[in-house]
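Next comes run.cif, with mmCIF, C-alpha atoms.
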```
data_upload
#
loop_
_atom_site.label_atom_id
_atom_site.label_comp_id
_atom_site.auth_asym_id
_atom_site.auth_seq_id
_atom_site.Cartn_x
_atom_site.Cartn_y
_atom_site.Cartn_z
CA MET W 1 8.86 3.77 18.24
CA ASP W 2 10.59 1.02 16.25
CA ILE W 3 8.90 -0.97 13.48
CA ASP W 4 7.98 -3.89 15.75
CA ALA W 5 6.25 -1.62 18.25
CA LEU W 6 4.51 0.25 15.44
CA ASN W 7 3.26 -2.96 13.83
CA LYS W 8 1.93 -4.14 17.20
CA ALA W 9 0.05 -0.85 17.62
CA ILE W 10 -1.41 -1.17 14.12
CA ILE W 11 -2.54 -4.78 14.58
CA ASN W 12 -4.28 -3.92 17.87
CA CYS W 13 -5.95 -0.73 16.61
CA ARG W 14 -9.72 -0.39 17.10
CA LYS W 15 -10.16 3.34 16.44
CA CYS W 16 -12.79 3.05 13.72
CA SER W 17 -15.89 1.16 14.87
CA ARG W 18 -17.33 0.80 11.35
CA LEU W 19 -14.14 -0.79 10.07
CA VAL W 20 -13.69 -3.03 13.12
CA GLU W 21 -17.21 -4.37 12.65
CA TYR W 22 -16.79 -4.88 8.92
CA ARG W 23 -13.35 -6.54 8.94
CA GLU W 24 -14.46 -8.97 11.67
CA SER W 25 -17.75 -9.79 9.96
CA VAL W 26 -15.93 -10.59 6.71
CA ALA W 27 -13.53 -12.83 8.64
CA LYS W 28 -16.48 -14.73 10.15
CA ARG W 29 -18.55 -15.09 6.98
CA LYS W 30 -15.57 -15.88 4.72
CA LYS W 31 -15.68 -16.47 0.99
CA LYS W 32 -16.83 -19.86 -0.25
CA ALA W 33 -13.41 -20.59 -1.78
CA TYR W 34 -11.66 -19.87 1.54
CA GLN W 35 -13.86 -21.63 4.07
CA GLU W 36 -10.86 -23.61 5.35
CA TRP W 37 -8.87 -20.47 6.05
CA GLU W 38 -8.61 -18.78 9.41
CA TYR W 39 -8.97 -15.16 8.33
CA TRP W 40 -6.63 -12.53 9.74
CA GLY W 41 -9.50 -10.09 10.33
CA ARG W 42 -7.35 -7.36 11.89
CA PRO W 43 -5.50 -4.24 10.68
CA VAL W 44 -2.68 -5.12 8.27
CA PRO W 45 0.84 -3.79 8.96
CA ALA W 46 3.33 -2.80 6.27
CA PHE W 47 5.35 -5.52 4.56
CA GLY W 48 8.91 -5.52 3.28
CA ASP W 49 12.20 -3.80 4.01
CA ILE W 50 12.05 -0.94 6.54
CA TYR W 51 15.62 -0.12 5.47
CA GLY W 52 14.59 0.07 1.82
CA ARG W 53 14.71 3.14 -0.39
CA ILE W 54 11.20 2.90 -1.87
CA LEU W 55 7.85 3.06 -0.08
CA VAL W 56 4.86 1.78 -2.05
CA VAL W 57 1.47 3.01 -0.81
CA GLY W 58 -1.90 1.51 -1.68
CA LEU W 59 -5.41 2.21 -0.44
CA ALA W 60 -6.52 -0.53 1.98
CA PRO W 61 -6.65 -4.32 2.44
CA GLY W 62 -9.00 -6.35 0.27
CA PRO W 63 -11.80 -8.26 2.07
CA HIS W 64 -10.58 -11.70 1.00
CA GLY W 65 -6.98 -10.73 0.23
CA SER W 66 -5.02 -8.99 2.97
CA ASN W 67 -7.92 -9.19 5.41
CA ARG W 68 -7.64 -12.96 4.98
CA THR W 69 -3.87 -13.43 4.78
CA GLY W 70 -2.60 -10.62 7.04
CA ARG W 71 -0.07 -9.32 4.52
CA MET W 72 -0.31 -6.36 2.16
CA PHE W 73 -1.55 -7.23 -1.36
CA THR W 74 -1.35 -10.95 -0.63
CA GLY W 75 -4.07 -13.34 -1.72
CA ASP W 76 -6.07 -11.40 -4.31
CA ALA W 77 -5.93 -10.34 -7.96
CA SER W 78 -4.24 -7.01 -7.21
CA GLY W 79 -1.39 -8.83 -5.50
CA VAL W 80 -1.02 -11.27 -8.40
CA PHE W 81 -0.51 -8.33 -10.76
CA LEU W 82 1.70 -6.35 -8.36
CA PHE W 83 4.14 -9.01 -7.19
CA ALA W 84 4.65 -10.41 -10.68
CA ALA W 85 5.72 -6.91 -11.75
CA LEU W 86 7.97 -6.45 -8.70
CA HIS W 87 9.61 -9.80 -9.44
CA ARG W 88 10.30 -8.80 -13.04
CA ALA W 89 11.84 -5.55 -11.78
CA GLY W 90 14.01 -7.32 -9.19
CA PHE W 91 12.23 -5.98 -6.11
CA ALA W 92 10.71 -9.36 -5.12
CA ASN W 93 12.34 -12.77 -4.88
CA GLN W 94 9.29 -14.51 -6.36
CA ALA W 95 6.37 -13.67 -8.59
CA THR W 96 3.58 -15.10 -6.44
CA SER W 97 2.07 -14.11 -3.12
CA VAL W 98 -0.46 -16.50 -1.61
CA SER W 99 0.10 -16.52 2.15
CA ILE W 100 2.13 -14.87 4.88
CA ASN W 101 4.40 -17.93 5.01
CA ASP W 102 5.06 -18.39 1.28
CA GLY W 103 8.68 -17.17 1.42
CA LEU W 104 8.13 -13.86 -0.37
CA VAL W 105 10.85 -11.30 0.36
CA LEU W 106 11.02 -7.71 -0.87
CA ASN W 107 14.32 -6.05 -1.72
CA ASP W 108 14.84 -2.32 -1.06
CA MET W 109 11.10 -1.73 -0.68
CA LEU W 110 8.32 -1.44 1.91
CA ILE W 111 4.65 -1.80 0.95
CA SER W 112 2.07 0.05 3.04
CA ALA W 113 -1.37 1.62 2.68
CA VAL W 114 -3.42 4.65 3.60
CA CYS W 115 -5.87 2.50 5.60
CA ARG W 116 -5.03 -0.75 7.40
CA CYS W 117 -8.54 -2.20 7.75
CA VAL W 118 -10.71 -3.39 4.88
CA PRO W 119 -13.47 -0.79 4.29
CA PRO W 120 -16.97 -1.56 3.00
CA ASP W 121 -17.13 -1.14 -0.80
CA ASN W 122 -13.40 -0.33 -0.71
CA LYS W 123 -14.27 3.22 0.42
CA PRO W 124 -12.87 4.47 3.73
CA ASN W 125 -14.38 7.75 4.90
CA ARG W 126 -12.39 10.87 5.77
CA SER W 127 -12.34 10.29 9.51
CA GLU W 128 -11.10 6.72 9.01
CA ILE W 129 -8.31 7.95 6.76
CA SER W 130 -7.40 10.61 9.34
CA ASN W 131 -7.28 8.01 12.10
CA CYS W 132 -4.98 5.74 10.11
CA LEU W 133 -2.67 8.18 8.34
CA PRO W 134 -0.37 8.69 11.37
CA TYR W 135 0.74 5.06 11.00
CA LEU W 136 1.96 5.80 7.47
CA GLU W 137 3.68 8.95 8.71
CA GLN W 138 5.53 6.95 11.34
CA GLU W 139 6.67 4.43 8.73
CA ILE W 140 8.01 7.29 6.62
CA GLU W 141 9.98 8.54 9.63
CA LEU W 142 11.36 5.04 10.30
CA MET W 143 12.61 4.63 6.72
CA LYS W 144 15.92 6.40 7.21
CA ASP W 145 17.12 5.57 3.68
CA LEU W 146 13.86 6.53 1.96
CA GLN W 147 14.36 8.07 -1.49
CA GLY W 148 10.96 7.83 -3.13
CA PHE W 149 7.31 6.79 -3.13
CA VAL W 150 5.16 4.91 -5.59
CA ALA W 151 1.49 5.79 -5.04
CA LEU W 152 -0.91 3.10 -6.24
CA GLY W 153 -4.06 5.06 -6.99
CA ARG W 154 -5.32 8.60 -6.53
CA ILE W 155 -6.19 8.28 -2.82
CA ALA W 156 -2.68 7.11 -1.94
CA PHE W 157 -1.23 9.91 -4.09
CA GLU W 158 -3.37 12.62 -2.50
CA ASN W 159 -2.72 11.48 1.05
CA LEU W 160 1.05 11.34 0.56
CA LEU W 161 0.85 14.93 -0.65
CA LYS W 162 -1.31 15.78 2.36
CA ILE W 163 1.37 14.50 4.72
CA TYR W 164 3.94 16.81 3.17
CA ARG W 165 1.57 19.77 2.86
CA GLU W 166 0.94 19.56 6.59
CA ARG W 167 4.70 19.80 7.06
CA GLY W 168 4.67 23.08 5.14
CA ILE W 169 5.91 21.71 1.80
CA PRO W 170 4.24 23.55 -1.16
CA VAL W 171 3.04 20.60 -3.27
CA THR W 172 -0.55 21.71 -3.93
CA HIS W 173 -0.11 21.95 -7.73
CA PHE W 174 0.71 18.26 -8.23
CA GLU W 175 -1.92 16.31 -10.19
CA PHE W 176 -2.46 12.56 -10.31
CA LYS W 177 -1.38 11.15 -13.67
CA HIS W 178 -0.20 7.61 -14.30
CA GLY W 179 3.56 7.43 -14.74
CA GLU W 180 4.18 11.03 -13.71
CA PHE W 181 7.28 11.77 -11.63
CA TYR W 182 7.33 14.53 -9.01
CA GLN W 183 10.05 15.85 -6.75
CA LEU W 184 8.52 16.83 -3.41
CA GLY W 185 11.26 19.30 -2.61
CA GLU W 186 14.96 19.73 -2.08
CA ASN W 187 16.37 16.83 -0.06
CA LEU W 188 12.89 15.25 0.04
CA PRO W 189 11.67 12.01 -1.56
CA TRP W 190 10.33 11.83 -5.09
CA LEU W 191 6.85 10.53 -5.95
CA ILE W 192 5.69 8.41 -8.89
CA ALA W 193 1.95 8.08 -9.55
CA SER W 194 0.45 4.81 -10.80
CA TYR W 195 -2.99 3.44 -11.41
CA HIS W 196 -3.93 0.91 -8.74
CA PRO W 197 -3.52 -2.73 -9.91
CA SER W 198 -7.18 -3.51 -9.17
CA GLN W 199 -9.13 -5.92 -11.35
CA GLN W 200 -11.22 -2.99 -12.51
CA ASN W 201 -8.10 -1.38 -13.96
CA THR W 202 -6.21 -4.45 -15.18
CA GLN W 203 -9.12 -6.32 -16.78
CA THR W 204 -10.40 -3.25 -18.64
CA GLY W 205 -6.96 -2.47 -20.04
CA ARG W 206 -6.60 0.81 -18.18
CA LEU W 207 -3.46 -0.64 -16.58
CA THR W 208 -1.48 -3.08 -18.73
CA ILE W 209 1.62 -5.12 -17.90
CA PRO W 210 3.94 -2.85 -19.96
CA MET W 211 2.45 0.25 -18.33
CA PHE W 212 3.01 -1.20 -14.86
CA ASP W 213 6.50 -2.49 -15.62
CA GLU W 214 7.45 1.00 -16.71
CA ILE W 215 6.55 2.32 -13.24
CA TRP W 216 9.03 0.02 -11.50
CA GLN W 217 11.77 0.61 -14.02
CA LYS W 218 11.29 4.34 -13.56
CA ALA W 219 11.48 3.96 -9.77
CA LYS W 220 14.58 1.78 -10.05
CA SER W 221 16.31 4.30 -12.31
CA ARG W 222 15.80 7.06 -9.73
CA LEU W 223 17.62 5.26 -6.93
CA VAL W 224 21.04 6.57 -5.96
#
```
Could you show the structure in this file as structure tokens?
Amino acid sequence: MDIDALNKAIINCRKCSRLVEYRESVAKRKKKAYQEWEYWGRPVPAFGDIYGRILVVGLAPGPHGSNRTGRMFTGDASGVFLFAALHRAGFANQATSVSINDGLVLNDMLISAVCRCVPPDNKPNRSEISNCLPYLEQEIELMKDLQGFVALGRIAFENLLKIYRERGIPVTHFEFKHGEFYQLGENLPWLIASYHPSQQNTQTGRLTIPMFDEIWQKAKSRLV
């Protein structure tokens, strides 16, 4: 399966009835500020460079961010924080991300997620994660030049480890810690853990601009 076929399969996925119902209901109700928008309301495919060396993994689309715009981390506060940092690090051609047609281009990087549908309360259940994780696995296989991951949040971190554990790689001792670097194994990608750039983390000071910039500089320094 190539990336176009995979993205088509993702966009048309209806495996999880709870998520299908929720994403579509959000798209119908809309947020007051976005009443003029036609919401995407479907699963969100990965965004960026499939030939890149870094894969960034988040949790799931936001209800009025990616579920509205149809592009990962686009249209909400998390995306504002993320893409500004990627621009400063040279991974994005611009610092803003407002719509799927805004001209944003990623360099040497693909952005994906554990779940492709917006979940109620931002909490997918285990079966929903299990249904969706094979899409992430296929993206990993398609990234032939992949050198490393940046996991945005504990759930992304744990599920990346799960993928490799199920391949027989002994990574069970790895613990989530912001800024920590891990080597998954000989001739395997590395993994950097980061707090998720959610408003809860950025507005409380748990994740600051210098802390986040350090993540991308660390990732950049590991590329060969």
**Report entry** Test item: the PyMOL selection byres ((chain W and resi 93-98) around 7) resolved as a ChimeraX atom specification
**Finding:** /W:74-75,79-80,83-84,87,91-92,99,102,104-106
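The nearest approach to W:Ser25 among the residues W:Asn67, W:Gln138, W:Ser194, W:Ser130, with only C-alpha atoms taken into account, belongs to W:Asn67.
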**Report entry** Close residues, stretch 147-151 of chain W itself excluded, 8 Å, only C-alpha atoms, min 2 positions apart in chain, as a list in words
**Finding:**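 Here the qualifying residues turn out to be Arg53, Ile54, Leu55, Val56, Val57, Gly58, Asp145, Gly153, Arg154, Ala156, Phe157, Leu160, Leu188, Pro189, Trp190, Leu191, Ile192, Ala193, Ser194, Ala219 and Leu223 of chain W.
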Requested in this report: Find the residues around W:Asp49 up to 8 Å (only C-alpha atoms counted), leave out those fewer than 5 positions away in its own chain, and share them as a PyMOL selection string.
Outcome: chain W and resi 106-110
Report task. Taking the file above as input, evaluate the PyMOL selection byres ((chain W and resi 172) around 12) and report the hits as a PyMOL selection string. Result -> chain W and resi 157-166+168-171+173-176+182+184
Query - Residues matched by the PyMOL selection byres ((chain W and resi 44) around 8) as an NGL selection string - result: :W and (10-11 or 42-43 or 45-46 or 61 or 66-67 or 70-72 or 116-117)
**Report entry** Of the listed residues W:Pro63, W:Glu38, W:Asn12, W:Gly179, that which approaches W:Asn122 most closely, counting only C-alpha atoms
**Finding:**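 Using only C-alpha atoms, W:Asn122 sits closest to W:Pro63.
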Report task. Considering all atoms listed in the file, return as a VMD selection string whatever protein or nucleic-acid residues lie within 10 Å of W:Phe212, sequence-local ones (same chain, fewer than 4 positions apart) excluded. Result -> chain W and resid 81 to 82 85 to 86 178 to 179 194 to 197 202 207 to 208 216 to 217
Requested in this report: Rounded to one decimal place, report the atom CA of W:Met211-atom CA of W:Glu180 distance in Å.
Outcome: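 Spanning atom CA of W:Met211 to atom CA of W:Glu180 is a straight-line distance of 11.9 Å.
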Query - Nearest to W:Lys177, chosen from W:Leu152, W:Cys13, W:Leu19, W:Val118, with all atoms listed in the file counted in the distances - result: W:Leu152
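Between atom CA of W:Ala9 and atom CA of W:Glu128 the interatomic distance comes to 16.0 Å.
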Report task. Using atom CA of W:Phe47 and atom CA of W:Ser112 as the two end points, give the distance in Å to one decimal. Result ->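 So the two atoms, atom CA of W:Phe47 and atom CA of W:Ser112, lie 6.6 Å apart.
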Query raised in the report: Counting only C-alpha atoms, which of W:Val224, W:Val26, W:Cys115, W:Leu136 gets nearest to W:Tyr39?
Result: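 So, comparing all the options, the nearest one is W:Val26.
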Query raised in the report: Got a sec: who's within 9 Å of W:Asn131, counting all atoms listed in the file, leaving out chain neighbours fewer than 5 positions off, as an MDAnalysis selection string?
Result: chainID W and resid 15:16 115 126
Let's have the selection written as a PDB file, in the coordinates of the input, with C-alpha atoms.
```
ATOM      1  CA  LYS W  15     -10.160   3.340  16.440  1.00  0.00           C
ATOM      2  CA  CYS W  16     -12.790   3.050  13.720  1.00  0.00           C
ATOM      3  CA  CYS W 115      -5.870   2.500   5.600  1.00  0.00           C
ATOM      4  CA  ARG W 126     -12.390  10.870   5.770  1.00  0.00           C
TER       5      ARG W 126
END
```
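With all atoms listed in the file as the basis for measurement, W:Ser198 is the residue among W:Ser198, W:Gln35, W:Thr204, W:Ser221 that approaches W:Phe73 most closely.
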Fix up stretch 122-142 of chain W with N, CA and C atoms, then write it as a compact mmCIF listing (two decimals), in the frame of the given file.
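File produced: rebuild20.txt:
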```txt
# COMPACT_ATOMS: atom_id res chain seq x y z
N ASN W 122 -14.74 -0.86 -0.44
CA ASN W 122 -13.40 -0.33 -0.71
C ASN W 122 -13.34 1.20 -0.59
N LYS W 123 -14.19 1.76 0.29
CA LYS W 123 -14.27 3.22 0.42
C LYS W 123 -14.19 3.65 1.88
N PRO W 124 -12.98 3.90 2.38
CA PRO W 124 -12.87 4.47 3.73
C PRO W 124 -13.37 5.91 3.72
N ASN W 125 -13.94 6.36 4.85
CA ASN W 125 -14.38 7.75 4.90
C ASN W 125 -13.24 8.64 5.42
N ARG W 126 -13.47 9.93 5.43
CA ARG W 126 -12.39 10.87 5.77
C ARG W 126 -11.88 10.68 7.19
N SER W 127 -12.78 10.44 8.12
CA SER W 127 -12.34 10.29 9.51
C SER W 127 -11.52 9.01 9.68
N GLU W 128 -11.86 7.97 8.94
CA GLU W 128 -11.10 6.72 9.01
C GLU W 128 -9.70 6.90 8.42
N ILE W 129 -9.62 7.65 7.34
CA ILE W 129 -8.31 7.95 6.76
C ILE W 129 -7.48 8.78 7.75
N SER W 130 -8.11 9.76 8.37
CA SER W 130 -7.40 10.61 9.34
C SER W 130 -6.90 9.80 10.54
N ASN W 131 -7.70 8.85 10.98
CA ASN W 131 -7.28 8.01 12.10
C ASN W 131 -6.07 7.15 11.75
N CYS W 132 -6.00 6.72 10.51
CA CYS W 132 -4.98 5.74 10.11
C CYS W 132 -3.70 6.38 9.57
N LEU W 133 -3.81 7.57 9.02
CA LEU W 133 -2.67 8.18 8.34
C LEU W 133 -1.43 8.34 9.22
N PRO W 134 -1.57 8.59 10.53
CA PRO W 134 -0.37 8.69 11.37
C PRO W 134 0.51 7.44 11.35
N TYR W 135 -0.07 6.27 11.10
CA TYR W 135 0.74 5.06 11.00
C TYR W 135 1.68 5.14 9.79
N LEU W 136 1.14 5.63 8.67
CA LEU W 136 1.96 5.80 7.47
C LEU W 136 3.04 6.84 7.71
N GLU W 137 2.69 7.92 8.39
CA GLU W 137 3.68 8.95 8.71
C GLU W 137 4.82 8.39 9.55
N GLN W 138 4.50 7.54 10.50
CA GLN W 138 5.53 6.95 11.34
C GLN W 138 6.43 6.01 10.54
N GLU W 139 5.85 5.29 9.59
CA GLU W 139 6.67 4.43 8.73
C GLU W 139 7.63 5.26 7.89
N ILE W 140 7.14 6.39 7.40
CA ILE W 140 8.01 7.29 6.62
C ILE W 140 9.19 7.74 7.48
N GLU W 141 8.92 8.09 8.73
CA GLU W 141 9.98 8.54 9.63
C GLU W 141 10.98 7.41 9.93
N LEU W 142 10.49 6.18 9.99
CA LEU W 142 11.36 5.04 10.30
C LEU W 142 12.22 4.63 9.12
```
